[in-house]
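The next block holds one structure in the form of structure tokens; read it before the comments.
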Amino acid sequence: MPRILIADDHDGTRGILKVLLQGHPGWEVCGEASTGTETLQKCIELKPDVLVKDWVMPGMDSIELTRQISALSPDTAIVIFSFYDMPELIVAAKAAGVHRVATKDISSLIAAIEDVLHSSANRLISHSESVAQPSPDPPKENLD
């Protein structure tokens, strides 16, 4: 059963997410966090399959937090759930190691979680759309 950690600094948002995600068949909410530092600690301790987190949280810069989670809990897929639907957020999140970005719309979030649970943990994707990954052996230019 996939285990999901919810991280958001708003109690109400965490509560709503917990109810909605626990109601999804086969998913378990294994914990909650309200700060960046707490999120990192719980990722290391609980080893969730998926972290659903707000992009902006107190206690740690979002990019640094994402990089640390990627390094210290590499099997945890990171899904950003944000009110902000901005291309800059998607670019920054992908560069930091986020697997999916979902706007704060529950159908977008459910789709993003389902997608990361069914895809390779190392494939970076935004807005639930595939991003072509570079070939392991990129074509070499013919310099002759």
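Residues are named by chain letter and number: chains run A, B, ... in the order of the structure tokens, numbers start at 1 in each chain, and ligands are numbered from 1 in the order shown.
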Residues near Ser82 (chain A), cut-off 9 Å, only C-alpha atoms, skip fewer than 3 positions along chain, as a ChimeraX atom specification
/A:53-56,85,101-105
For those residues, write all heavy atoms to a file as a PDB file, in the first residue's frame.
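As written to disk, again-v8.pdb reads:
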```pdb
ATOM      1  N   LYS A  53       3.652  18.140  -0.840  1.00  0.00           N
ATOM      2  CA  LYS A  53       4.024  19.309  -0.047  1.00  0.00           C
ATOM      3  C   LYS A  53       3.704  20.610  -0.746  1.00  0.00           C
ATOM      4  O   LYS A  53       3.680  20.679  -1.971  1.00  0.00           O
ATOM      5  CB  LYS A  53       5.499  19.248   0.340  1.00  0.00           C
ATOM      6  CG  LYS A  53       6.492  19.632  -0.712  1.00  0.00           C
ATOM      7  CD  LYS A  53       7.891  19.599  -0.140  1.00  0.00           C
ATOM      8  CE  LYS A  53       8.799  20.719  -0.482  1.00  0.00           C
ATOM      9  NZ  LYS A  53       8.392  22.059  -0.516  1.00  0.00           N
ATOM     10  N   ASP A  54       3.445  21.600   0.088  1.00  0.00           N
ATOM     11  CA  ASP A  54       3.284  22.964  -0.398  1.00  0.00           C
ATOM     12  C   ASP A  54       4.667  23.451  -0.827  1.00  0.00           C
ATOM     13  O   ASP A  54       5.682  23.021  -0.269  1.00  0.00           O
ATOM     14  CB  ASP A  54       2.715  23.833   0.718  1.00  0.00           C
ATOM     15  CG  ASP A  54       2.240  25.191   0.244  1.00  0.00           C
ATOM     16  OD1 ASP A  54       2.259  25.463  -0.971  1.00  0.00           O
ATOM     17  OD2 ASP A  54       1.838  25.996   1.098  1.00  0.00           O
ATOM     18  N   TRP A  55       4.733  24.315  -1.804  1.00  0.00           N
ATOM     19  CA  TRP A  55       6.027  24.808  -2.269  1.00  0.00           C
ATOM     20  C   TRP A  55       6.656  25.743  -1.247  1.00  0.00           C
ATOM     21  O   TRP A  55       7.842  25.667  -0.966  1.00  0.00           O
ATOM     22  CB  TRP A  55       5.880  25.495  -3.623  1.00  0.00           C
ATOM     23  CG  TRP A  55       7.179  25.985  -4.189  1.00  0.00           C
ATOM     24  CD1 TRP A  55       7.532  27.269  -4.434  1.00  0.00           C
ATOM     25  CD2 TRP A  55       8.314  25.188  -4.579  1.00  0.00           C
ATOM     26  NE1 TRP A  55       8.810  27.322  -4.964  1.00  0.00           N
ATOM     27  CE2 TRP A  55       9.304  26.054  -5.062  1.00  0.00           C
ATOM     28  CE3 TRP A  55       8.585  23.824  -4.569  1.00  0.00           C
ATOM     29  CZ2 TRP A  55      10.532  25.624  -5.526  1.00  0.00           C
ATOM     30  CZ3 TRP A  55       9.815  23.391  -5.029  1.00  0.00           C
ATOM     31  CH2 TRP A  55      10.773  24.276  -5.494  1.00  0.00           C
ATOM     32  N   VAL A  56       5.858  26.615  -0.644  1.00  0.00           N
ATOM     33  CA  VAL A  56       6.380  27.583   0.317  1.00  0.00           C
ATOM     34  C   VAL A  56       5.990  27.130   1.721  1.00  0.00           C
ATOM     35  O   VAL A  56       4.820  27.054   2.061  1.00  0.00           O
ATOM     36  CB  VAL A  56       5.824  28.995   0.037  1.00  0.00           C
ATOM     37  CG1 VAL A  56       6.337  29.982   1.065  1.00  0.00           C
ATOM     38  CG2 VAL A  56       6.178  29.435  -1.369  1.00  0.00           C
ATOM     39  N   ASP A  85      -0.096  28.657 -10.040  1.00  0.00           N
ATOM     40  CA  ASP A  85       0.016  27.954 -11.313  1.00  0.00           C
ATOM     41  C   ASP A  85       0.899  28.810 -12.214  1.00  0.00           C
ATOM     42  O   ASP A  85       0.421  29.488 -13.103  1.00  0.00           O
ATOM     43  CB  ASP A  85      -1.373  27.743 -11.912  1.00  0.00           C
ATOM     44  CG  ASP A  85      -1.349  26.865 -13.149  1.00  0.00           C
ATOM     45  OD1 ASP A  85      -0.303  26.257 -13.426  1.00  0.00           O
ATOM     46  OD2 ASP A  85      -2.374  26.793 -13.843  1.00  0.00           O
ATOM     47  N   VAL A 101       4.097  18.652 -10.337  1.00  0.00           N
ATOM     48  CA  VAL A 101       3.522  19.854  -9.753  1.00  0.00           C
ATOM     49  C   VAL A 101       2.033  19.803 -10.050  1.00  0.00           C
ATOM     50  O   VAL A 101       1.629  19.632 -11.197  1.00  0.00           O
ATOM     51  CB  VAL A 101       4.137  21.144 -10.353  1.00  0.00           C
ATOM     52  CG1 VAL A 101       3.439  22.381  -9.814  1.00  0.00           C
ATOM     53  CG2 VAL A 101       5.636  21.201 -10.078  1.00  0.00           C
ATOM     54  N   ALA A 102       1.221  19.931  -9.002  1.00  0.00           N
ATOM     55  CA  ALA A 102      -0.229  19.948  -9.150  1.00  0.00           C
ATOM     56  C   ALA A 102      -0.751  21.258  -8.584  1.00  0.00           C
ATOM     57  O   ALA A 102      -0.294  21.709  -7.543  1.00  0.00           O
ATOM     58  CB  ALA A 102      -0.850  18.771  -8.397  1.00  0.00           C
ATOM     59  N   THR A 103      -1.688  21.862  -9.281  1.00  0.00           N
ATOM     60  CA  THR A 103      -2.309  23.057  -8.736  1.00  0.00           C
ATOM     61  C   THR A 103      -3.253  22.619  -7.632  1.00  0.00           C
ATOM     62  O   THR A 103      -3.618  21.456  -7.542  1.00  0.00           O
ATOM     63  CB  THR A 103      -3.078  23.818  -9.831  1.00  0.00           C
ATOM     64  OG1 THR A 103      -4.037  22.941 -10.414  1.00  0.00           O
ATOM     65  CG2 THR A 103      -2.136  24.335 -10.901  1.00  0.00           C
ATOM     66  N   LYS A 104      -3.648  23.539  -6.778  1.00  0.00           N
ATOM     67  CA  LYS A 104      -4.514  23.165  -5.654  1.00  0.00           C
ATOM     68  C   LYS A 104      -5.929  22.923  -6.162  1.00  0.00           C
ATOM     69  O   LYS A 104      -6.842  23.696  -5.969  1.00  0.00           O
ATOM     70  CB  LYS A 104      -4.435  24.198  -4.543  1.00  0.00           C
ATOM     71  CG  LYS A 104      -3.114  24.036  -3.814  1.00  0.00           C
ATOM     72  CD  LYS A 104      -3.140  24.519  -2.409  1.00  0.00           C
ATOM     73  CE  LYS A 104      -1.821  24.140  -1.758  1.00  0.00           C
ATOM     74  NZ  LYS A 104      -1.591  24.764  -0.496  1.00  0.00           N
ATOM     75  N   ASP A 105      -6.040  21.810  -6.811  1.00  0.00           N
ATOM     76  CA  ASP A 105      -7.283  21.278  -7.355  1.00  0.00           C
ATOM     77  C   ASP A 105      -7.136  19.782  -7.129  1.00  0.00           C
ATOM     78  O   ASP A 105      -6.157  19.175  -7.549  1.00  0.00           O
ATOM     79  CB  ASP A 105      -7.336  21.679  -8.821  1.00  0.00           C
ATOM     80  CG  ASP A 105      -8.124  20.778  -9.723  1.00  0.00           C
ATOM     81  OD1 ASP A 105      -8.211  19.560  -9.475  1.00  0.00           O
ATOM     82  OD2 ASP A 105      -8.642  21.297 -10.720  1.00  0.00           O
TER      83      ASP A 105
END
```
Near Met57 (chain A), counting only C-alpha atoms, which residues have an atom at most 8 Å away, once you skip same-chain residues fewer than 6 positions from it, shown as a list in words?
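So the residues in contact are Asp8, Asp9, Ser34, Thr35 and Gly36 of chain A.
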DSSP-assigned helix (DSSP H, G or I) members of chain A, reported as a PyMOL selection string:
chain A and resi 11-22+36-46+62-72+87-96+106-118
Restricting the calculation to only C-alpha atoms: of A:Ala71, A:Met86, A:Ile4, A:Met60, which residue gets closest to Leu46 (chain A)?
A:Ile4
Measuring between only C-alpha atoms, which one of A:Ile110, A:Leu40, A:Ile69, A:Ile63 shows the shortest distance to Ile90 (chain A)?
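Nearest candidate to Ile90 (chain A) out of A:Ile110, A:Leu40, A:Ile69, A:Ile63: A:Ile63.
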Going by DSSP on the backbone, which bits of chain A are strand (DSSP E)? Write them as a ChimeraX atom specification, please.
/A:3-7,28-33,50-53,77-82,100-103
Restricting the output to N, CA, C and O atoms, write the selected residues as a CSV table (one decimal), in the first residue's frame.
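This went into out_7.csv:
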```csv
chain,number,residue,atom,x,y,z
A,3,ARG,N,2.4,4.8,0.7
A,3,ARG,CA,2.4,5.6,1.9
A,3,ARG,C,2.7,7.1,1.5
A,3,ARG,O,3.6,7.3,0.8
A,4,ILE,N,1.8,8.0,2.0
A,4,ILE,CA,1.9,9.4,1.6
A,4,ILE,C,2.1,10.2,2.8
A,4,ILE,O,1.4,10.1,3.8
A,5,LEU,N,3.1,11.2,2.7
A,5,LEU,CA,3.4,12.2,3.8
A,5,LEU,C,2.8,13.5,3.3
A,5,LEU,O,3.1,13.9,2.1
A,6,ILE,N,2.0,14.2,4.1
A,6,ILE,CA,1.5,15.5,3.7
A,6,ILE,C,2.2,16.6,4.5
A,6,ILE,O,2.4,16.5,5.7
A,7,ALA,N,2.7,17.6,3.7
A,7,ALA,CA,3.4,18.7,4.3
A,7,ALA,C,2.8,20.0,3.9
A,7,ALA,O,2.9,20.3,2.7
A,28,GLU,N,-2.3,5.2,2.0
A,28,GLU,CA,-2.2,5.4,3.4
A,28,GLU,C,-1.5,6.7,3.7
A,28,GLU,O,-0.4,6.9,3.1
A,29,VAL,N,-2.1,7.6,4.5
A,29,VAL,CA,-1.4,8.8,4.9
A,29,VAL,C,-0.6,8.4,6.1
A,29,VAL,O,-1.1,8.0,7.1
A,30,CYS,N,0.8,8.4,6.0
A,30,CYS,CA,1.6,7.9,7.0
A,30,CYS,C,2.1,9.0,8.0
A,30,CYS,O,2.7,8.7,9.0
A,31,GLY,N,1.8,10.3,7.6
A,31,GLY,CA,2.3,11.3,8.5
A,31,GLY,C,2.0,12.7,8.0
A,31,GLY,O,1.5,12.8,6.8
A,32,GLU,N,2.2,13.7,8.8
A,32,GLU,CA,2.0,15.1,8.4
A,32,GLU,C,3.1,15.9,9.0
A,32,GLU,O,3.7,15.6,10.0
A,33,ALA,N,3.4,17.0,8.3
A,33,ALA,CA,4.4,18.0,8.7
A,33,ALA,C,4.0,19.4,8.4
A,33,ALA,O,3.2,19.6,7.4
A,50,VAL,N,5.4,8.8,-1.4
A,50,VAL,CA,5.1,10.0,-2.0
A,50,VAL,C,5.1,11.1,-0.9
A,50,VAL,O,4.5,10.9,0.2
A,51,LEU,N,5.7,12.3,-1.2
A,51,LEU,CA,5.5,13.4,-0.3
A,51,LEU,C,4.7,14.4,-1.1
A,51,LEU,O,5.0,14.8,-2.2
A,52,VAL,N,3.6,14.8,-0.5
A,52,VAL,CA,2.7,15.9,-1.1
A,52,VAL,C,3.0,17.1,-0.2
A,52,VAL,O,2.7,17.1,1.0
A,53,LYS,N,3.7,18.1,-0.8
A,53,LYS,CA,4.0,19.3,0.0
A,53,LYS,C,3.7,20.6,-0.7
A,53,LYS,O,3.7,20.7,-2.0
A,77,ALA,N,8.9,10.0,-4.0
A,77,ALA,CA,8.5,10.9,-5.1
A,77,ALA,C,7.9,12.2,-4.4
A,77,ALA,O,7.1,12.1,-3.5
A,78,ILE,N,8.3,13.3,-5.0
A,78,ILE,CA,7.9,14.6,-4.5
A,78,ILE,C,6.9,15.2,-5.4
A,78,ILE,O,7.1,15.4,-6.6
A,79,VAL,N,5.7,15.5,-4.8
A,79,VAL,CA,4.6,16.2,-5.6
A,79,VAL,C,4.4,17.5,-4.9
A,79,VAL,O,4.0,17.5,-3.7
A,80,ILE,N,4.5,18.6,-5.6
A,80,ILE,CA,4.2,19.9,-5.1
A,80,ILE,C,2.7,20.2,-5.3
A,80,ILE,O,2.2,20.0,-6.5
A,81,PHE,N,2.0,20.6,-4.3
A,81,PHE,CA,0.6,21.0,-4.4
A,81,PHE,C,0.5,22.4,-4.0
A,81,PHE,O,0.7,22.8,-2.9
A,82,SER,N,0.3,23.3,-5.0
A,82,SER,CA,0.4,24.7,-4.8
A,82,SER,C,-0.8,25.5,-5.4
A,82,SER,O,-1.3,25.1,-6.5
A,100,ARG,N,6.4,15.9,-9.7
A,100,ARG,CA,5.2,16.5,-10.3
A,100,ARG,C,4.8,17.8,-9.6
A,100,ARG,O,5.1,18.0,-8.4
A,101,VAL,N,4.1,18.7,-10.3
A,101,VAL,CA,3.5,19.9,-9.8
A,101,VAL,C,2.0,19.8,-10.1
A,101,VAL,O,1.6,19.6,-11.2
A,102,ALA,N,1.2,19.9,-9.0
A,102,ALA,CA,-0.2,19.9,-9.2
A,102,ALA,C,-0.8,21.3,-8.6
A,102,ALA,O,-0.3,21.7,-7.5
A,103,THR,N,-1.7,21.9,-9.3
A,103,THR,CA,-2.3,23.1,-8.7
A,103,THR,C,-3.3,22.6,-7.6
A,103,THR,O,-3.6,21.5,-7.5
```
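Residue nearest Arg67 (chain A), chosen from A:Lys94, A:Lys18, A:His118, A:His10 and counting only C-alpha atoms: A:Lys94.
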Record the distance separating CA of Ser108 (chain A) and CA of Pro25 (chain A), expressed in Å with one decimal.
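So the answer is 16.9 Å.
Considering only C-alpha atoms, the residue among A:Leu109, A:Cys43, A:Ala92, A:Leu72 positioned nearest to Leu20 (chain A) is A:Leu109.
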Quick one: distance from CA of Val91 (chain A) to CA of Ser107 (chain A) in Å, one decimal?
21.6 Å
